[in-house]
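S.K.: Below is the structure I would like to discuss, written out as structure tokens.
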Amino acid sequence: MAPAKKRNVSSAKASEDSVKTAKLDLNSKVERITKSRKHANDVFDILECLQSEKEKDVVSAVNACSKLFCTLLERRELFVGKLPGEEEMLSGEHSAEEKYCMFMRHRYHSCVEMLLEHLSHESHQVKESALCCLMKFAAGEGQHPLEDLDWSEHYSFPRELIQAVVDRLLCKTTDASLLISRFQEFLEMEDVRYYVMSSIRESVGKVLDKTKGAVVPIYQNNVFTLLSNINMPSQESELTNFLVKQEAKHEDWKAAKLNEHKRAFERMWLGFLKYKLPSNMYKKILVILHDSILPHMSKPTLMIDFLTAAYEVGGAISLLALNGLFVLIHQHNLDYPDFYKKLYNLLEPSVFHVKYRARFFHLANLFLSSSHLPVYLVAAFAKRLARLALTAPPAPLLLVLPFIYNLIRRHPSSRVLIHKPSTEDEPFEDPYLMDEEDPAQCRALESSLWEIKTLQKHYHPDVAKAAMLINTPLSEREDDISELLEITSYELMERDLKQTQTKGVPLEFETATQLLKGVGGVLGQHFCLE
């Protein structure tokens, strides 16, 4: 077995030596090309190595291409303007200088195409190297443009190269989240972020228009990953970090204006959200909507169509959609009269068992915090929660009961639900309509919270104790439900099973010390008398 081990070690060493030799060879070729134009054909060897099947050789070739073409861009040795074809270049009446620049420009284009293909490589190291190299090219093209165009709006930023990079990042067949997270470093630059947002919008339009309403999960997940990695500035003074420095015309550049960033951000998100999304993506978007999307939009009310469509999905998604609608109502004066009706209809038995139970009650508490709500609406919510509490597990009951008490404290007019006059001989029939979807028509004010009275005989002592509070006058101070939001049945059971340290039970206030002595003395005296 020993000789075999030696062969493995020697073969590994030979492989490392070959990689070092290849790296040195590529670096020497780059130096020869940059020092003398007579070695220009060596560029084909570098491009050939860029197509190698060995990962390390490809990475070495990427680094060599980066050095070579960044140097040529700085020296302005790549042809500027509309590039003629290679046959036309040879047959045309061009000087030797122009032919060299055209030749290298064609090789540069070939290199860019290969690097774009490597963004889909199996090796992450190759993908990362290719991405960084392409962004170096973007910076070089920005400083030394290769096209004679009218830059009245965009100046010298390489929009086409960024568009090509974005198209490759938004792959349709493989998850690109790891590479996109590496790309986030470049999204911190103002101009890159601005043109990436425009590129995403164009890519989404081209790809999803062809699907005719069908969902493309992998592609849409890649789009969402890229969108969620975009951090928008809040003030124009923060726009200081640019990939391409625009000197004289910087003040007129769209990428340097916060309003243009907001407009591009808004168009990008609306362009993405107008298509049908995978069901699991609604939750991801709605969770970040009020913090990361709405504050950076020029017209947040344009999200009303998406939020309405999300509500129709049902379940926890409906709740999260109502959170976005609530932000639009309170902060942007959106008129949405059915908001509380939709919230009321979300109160179903399943609400005690869903993953987002804590978030649901946190938001519901926020939605119902206003003291200006009509009493019929507060009564409807309190009554519906009380009815659902009859079949709820103990853990959510410890949250629901204080929740109901807080509603009554905020709205003293709803105390009629507790102090409902009735006669003992009169048969009781609850007028409340549980199946009524409109809280204004459910007749909650005509009923009472007899359900809480029933819970006073609950099998769990903590629930029974909480339900007993309704027998006493409720204090004006509200209960803090934040600590109860995350409580689970497991935690409740662990708390009940946990052994408490019991102290010794006191039998006497003072220890008896003379009892036997006194008795003995009396008996002794009696014995002597006898």
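By convention here, the chains of the structure tokens are called A, B, ... in the order presented, each chain's residues are numbered starting at 1, and ligands are numbered starting at 1 in the order presented.
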Write out as a ChimeraX atom specification each polymer residue whose atoms come within 9 Å of Met297 of chain A, counting only C-alpha atoms; drop sequence neighbours fewer than 5 positions from it.

M.R.: /A:262-263,265-267

S.K.: Give me, as number ranges by chain, all polymer residues having an atom no more than 10 Å from segment 298-310 of chain A, counting only C-alpha atoms and skipping those fewer than 2 positions away in the same chain.

M.R.: A: 259-267, 269-270, 273-277, 279, 282-283, 286, 289-290, 293-296, 312-314, 317-325, 327-329, 331-334, 336

S.K.: Within 12 Å of Arg357 of chain A, counting only C-alpha atoms, which residues show up once you throw out same-chain ones fewer than 2 positions away? Write them as an NGL selection string, please.

M.R.: :A and (315-317 or 319-320 or 346-355 or 359-364 or 395-396 or 399-400 or 484-488)

S.K.: A:Thr174, A:Gln143, A:Asn63, A:Ser414: which is nearest Glu446 of chain A, counting only C-alpha atoms?

M.R.: A:Ser414

S.K.: Near Phe403 of chain A, counting only C-alpha atoms, which residues have an atom at most 9 Å away, once you skip same-chain residues fewer than 4 positions from it, shown as a PyMOL selection string?

M.R.: chain A and resi 361+365+382+385+398-399+407-408+479+481

S.K.: Find the residues near Leu68 of chain A: any atom within 9 Å, counting only C-alpha atoms, skip ones fewer than 5 places away on the same chain, and give them as a PyMOL selection string.

M.R.: chain A and resi 30-31+33-34+43+63+73

S.K.: Would you put the residues from that selection into a file with N, CA and C atoms, as an mmCIF file, in the first residue's frame?

M.R.:
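Output contents, as saved in selection_32.cif:
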```cif
data_model
loop_
_atom_site.group_PDB
_atom_site.id
_atom_site.type_symbol
_atom_site.label_atom_id
_atom_site.label_comp_id
_atom_site.auth_asym_id
_atom_site.auth_seq_id
_atom_site.Cartn_x
_atom_site.Cartn_y
_atom_site.Cartn_z
ATOM 1 N N VAL A 30 0.963 37.526 -20.695
ATOM 2 C CA VAL A 30 0.374 38.852 -20.525
ATOM 3 C C VAL A 30 1.448 39.933 -20.619
ATOM 4 N N GLU A 31 2.574 39.676 -19.964
ATOM 5 C CA GLU A 31 3.672 40.656 -20.021
ATOM 6 C C GLU A 31 4.202 40.825 -21.437
ATOM 7 N N ILE A 33 2.557 40.366 -24.247
ATOM 8 C CA ILE A 33 1.572 41.074 -25.083
ATOM 9 C C ILE A 33 1.593 42.567 -24.787
ATOM 10 N N THR A 34 1.649 42.900 -23.500
ATOM 11 C CA THR A 34 1.597 44.322 -23.134
ATOM 12 C C THR A 34 2.888 45.059 -23.469
ATOM 13 N N VAL A 43 -2.618 36.018 -27.146
ATOM 14 C CA VAL A 43 -3.908 36.163 -26.477
ATOM 15 C C VAL A 43 -4.793 34.940 -26.723
ATOM 16 N N ASN A 63 -7.783 35.566 -14.208
ATOM 17 C CA ASN A 63 -6.910 36.596 -13.646
ATOM 18 C C ASN A 63 -6.002 37.196 -14.715
ATOM 19 N N LEU A 73 -7.447 48.638 -21.808
ATOM 20 C CA LEU A 73 -8.460 49.697 -21.668
ATOM 21 C C LEU A 73 -7.828 50.996 -21.176
#
```

S.K.: Find, counting only C-alpha atoms, the residue in A:Gly140, A:Gly213, A:Pro473, A:Pro158 that gets nearest to His419 of chain A.

M.R.: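 Of A:Gly140, A:Gly213, A:Pro473, A:Pro158, the one nearest His419 of chain A is A:Pro473, counting only C-alpha atoms.
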
S.K.: Please identify all polymer residues within 10 Å of segment 434-440 of chain A, counting only C-alpha atoms, omitting same-chain residues fewer than 3 positions from it, and present them as JSON, numbers by chain.

M.R.: {"A": [338, 340, 341, 342, 344, 345, 346, 374, 375, 376, 377, 378, 379, 380, 381, 383, 384, 387, 388, 431, 443, 444, 445]}

S.K.: Give me a file of those residues, with C-alpha atoms, as a PDB file, in the first residue's frame.

M.R.:
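Heads up, here's the output in result-v4.pdb:
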```pdb
ATOM      1  CA  ASP A 338     -63.151  46.828   3.871  1.00  0.00           C
ATOM      2  CA  TYR A 340     -61.475  45.642   9.251  1.00  0.00           C
ATOM      3  CA  LYS A 341     -64.043  43.418   7.594  1.00  0.00           C
ATOM      4  CA  LYS A 342     -61.221  41.419   5.993  1.00  0.00           C
ATOM      5  CA  TYR A 344     -62.517  40.066  11.067  1.00  0.00           C
ATOM      6  CA  ASN A 345     -62.929  37.237   8.554  1.00  0.00           C
ATOM      7  CA  LEU A 346     -59.378  36.041   9.223  1.00  0.00           C
ATOM      8  CA  PRO A 374     -66.854  52.117  16.572  1.00  0.00           C
ATOM      9  CA  VAL A 375     -68.075  50.077  19.522  1.00  0.00           C
ATOM     10  CA  TYR A 376     -69.924  47.554  17.322  1.00  0.00           C
ATOM     11  CA  LEU A 377     -66.587  46.682  15.650  1.00  0.00           C
ATOM     12  CA  VAL A 378     -64.728  46.196  18.944  1.00  0.00           C
ATOM     13  CA  ALA A 379     -67.587  44.107  20.300  1.00  0.00           C
ATOM     14  CA  ALA A 380     -67.562  41.944  17.173  1.00  0.00           C
ATOM     15  CA  PHE A 381     -63.844  41.175  17.528  1.00  0.00           C
ATOM     16  CA  LYS A 383     -67.116  38.193  20.794  1.00  0.00           C
ATOM     17  CA  ARG A 384     -65.592  36.274  17.887  1.00  0.00           C
ATOM     18  CA  ARG A 387     -66.301  32.067  20.737  1.00  0.00           C
ATOM     19  CA  LEU A 388     -63.115  30.706  19.140  1.00  0.00           C
ATOM     20  CA  PRO A 431     -78.191  36.337  19.281  1.00  0.00           C
ATOM     21  CA  ARG A 443     -75.252  41.404  16.509  1.00  0.00           C
ATOM     22  CA  ALA A 444     -72.323  41.134  18.925  1.00  0.00           C
ATOM     23  CA  LEU A 445     -73.556  44.033  21.075  1.00  0.00           C
TER      24      LEU A 445
END
```
